[in-house]
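What follows is a set of notes on a single structure, which appears directly below.
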Amino acid sequence: MELPIEKKCKKCGQIKGIGYFYRDQTTSDGKRGKCIKCCNEQTKEWAKNKPGYFTERRHRLGVSIRYASEYMHGLSKTREYKRAIKIKRRLLGGELSCKTIQTVYEDNIKRFGTLTCYLCLQPIEFGLDSIQHRVPIARGGTYEYSNLSIACRSCNSRKHTRTDVEYLQIIGRR
Ligand SMILES: [Zn+2]
Ligand SMILES: [Zn+2]
C-alpha cells in the first residue's frame with residue numbers, strides 16, 4: 001500500500017508530512033492520528049502526573065537501551081548511561097567506538113537542546129532513537145563520526161537504504 005505524503009493531525013489540525021507521524025501498525029495508513037509533536041506533548045503531560053513511570057518502566061523491561069535514551073535526554077553521565085552506550089555499540093556490530101556514539105548523542109543534544117531527529121527535526125520520544133548512517137554502509141558509507149547522526153524510529157525505518165539527502169527530498173525538506 002502506498003503511504004500518503006501528508007496527513008492532518010487529529011489534535012492540532014495541522015497538515016504535516018507523513019514523516020511527522022509515528023508509525024502505528026494498527027491503523028489503515030500505518031501512522032498514528034496525532035502528529036509526533038502532539039504525541040510527545042501528550043506523553044510529557046501524562047508523565048508529569050506519574051513521576052515514577054519511566055523509572056518503573058525501565059526496571060520492568062530491563063532493557064538498557066531505554067536507560068540510554070532517558071539519560072541522554074538528561075545528559076547525565078551515570079553508570080547506566082555508560083553501560084547503555086556499550087550495549088548500543090554491541091548492537092551496532094562493534095565497529096563503532098563508545099566514544100563516537102557518545103559524541104554523536106551529545107552533539108545532537110547540544111545542537112537541538114533535546115534529543116531530536118536530524119531528518120524530521122522532531123524531538124525523539126524516550127527509547128525511540130536510533131543511530132543513523134547518513135550514507136548507508138551498504139552504499140559505501142562508513143562507521144565514522146562524520147557519517148553518523150541520530151534519527152527517530154519512524155525516519156529510520158522509512159529511510160532504508162537511501163542517503164539522507166535522498167530521504168530529505170522525499171519528506172520535502174530539500
Ligand atoms: Zn499535531
Ligand atoms: Zn525523524
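Chain labels follow the order of the C-alpha cells: the first chain is A, the next B, and so on; residue numbering restarts at 1 in every chain, and ligands are counted from 1 in their shown order.
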Margin query: Give me the residues near Thr116 (chain A) as a PyMOL selection string, where near means some atom within 12 Å (using only C-alpha atoms) and where sequence neighbours in that chain fewer than 6 positions away do not count.
Written below: chain A and resi 36-37+40+69+72-73+104-110+122-126+128-131+149-153+155
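Near ligand 1, at a distance of at most 6 Å and with only C-alpha atoms and all ligand atoms counted, sit the residues Cys9, Lys11, Cys12, Lys34, Cys35, Lys37 and Cys38 of chain A.
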Item checked: Within 9 Å of Arg173 (chain A) using only C-alpha atoms, minus same-chain residues under 6 positions, as a PyMOL selection string -> chain A and resi 119-120+167
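Here the question is which of A:Phe21, A:Gly33, A:Cys117, A:Tyr145 gets nearest to ligand 2 using only C-alpha atoms and all ligand atoms, and that residue is A:Cys117.
Between CA of Val165 (chain A) and CA of Tyr22 (chain A) the interatomic distance comes to 21.0 Å.
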Check: Quick one: residues within 12 Å of Ala138 (chain A), only C-alpha atoms counted, chain neighbours fewer than 3 positions away excluded, as a PyMOL selection string?
Finding: chain A and resi 133-135+141-143+160-163
